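The block underneath contains the structure these notes are about, expressed in structure tokens.
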Amino acid sequence: MINIPKKLEHFTDFEREAVVSDQQWLSTSIKVGDRFFPSIEVKHFGFEEIQQAQQWIQE
């Protein structure tokens, strides 16, 4: 079980989040989430793009 309040404590600790998954529906969820959390840039990558995700997160 995920402890949401505990996770939110670290919400401002980062500016970017790379989501690596083979689930395409996450791209849509990320776009919706951008409206609620505009201070964090989130981008979806497929498993074959893991190196690009790591590079992007470090920019």
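Residue numbering restarts at 1 in every chain; chains get A, B, ... in the order shown in the structure tokens, and ligands count up from 1 in that same order.
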
Exercise: segment 30-34 of chain A partners within 12 Å, only C-alpha atoms, chain neighbours under 4 positions left out, as a count of residues only: 17

DSSP-assigned helix (DSSP H, G or I) among segment 11-41 of chain A, expressed as a list in words: Phe11, Thr12, Asp13, Trp25, Leu26, Ser27, Thr28, Ser29, Ile30, Lys31, Val32, Gly33, Asp34, Arg35 and Phe36 of chain A

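One distance worth recording is that between atom CA of Ser27 of chain A and atom CA of Gln54 of chain A, which is 17.3 Å.
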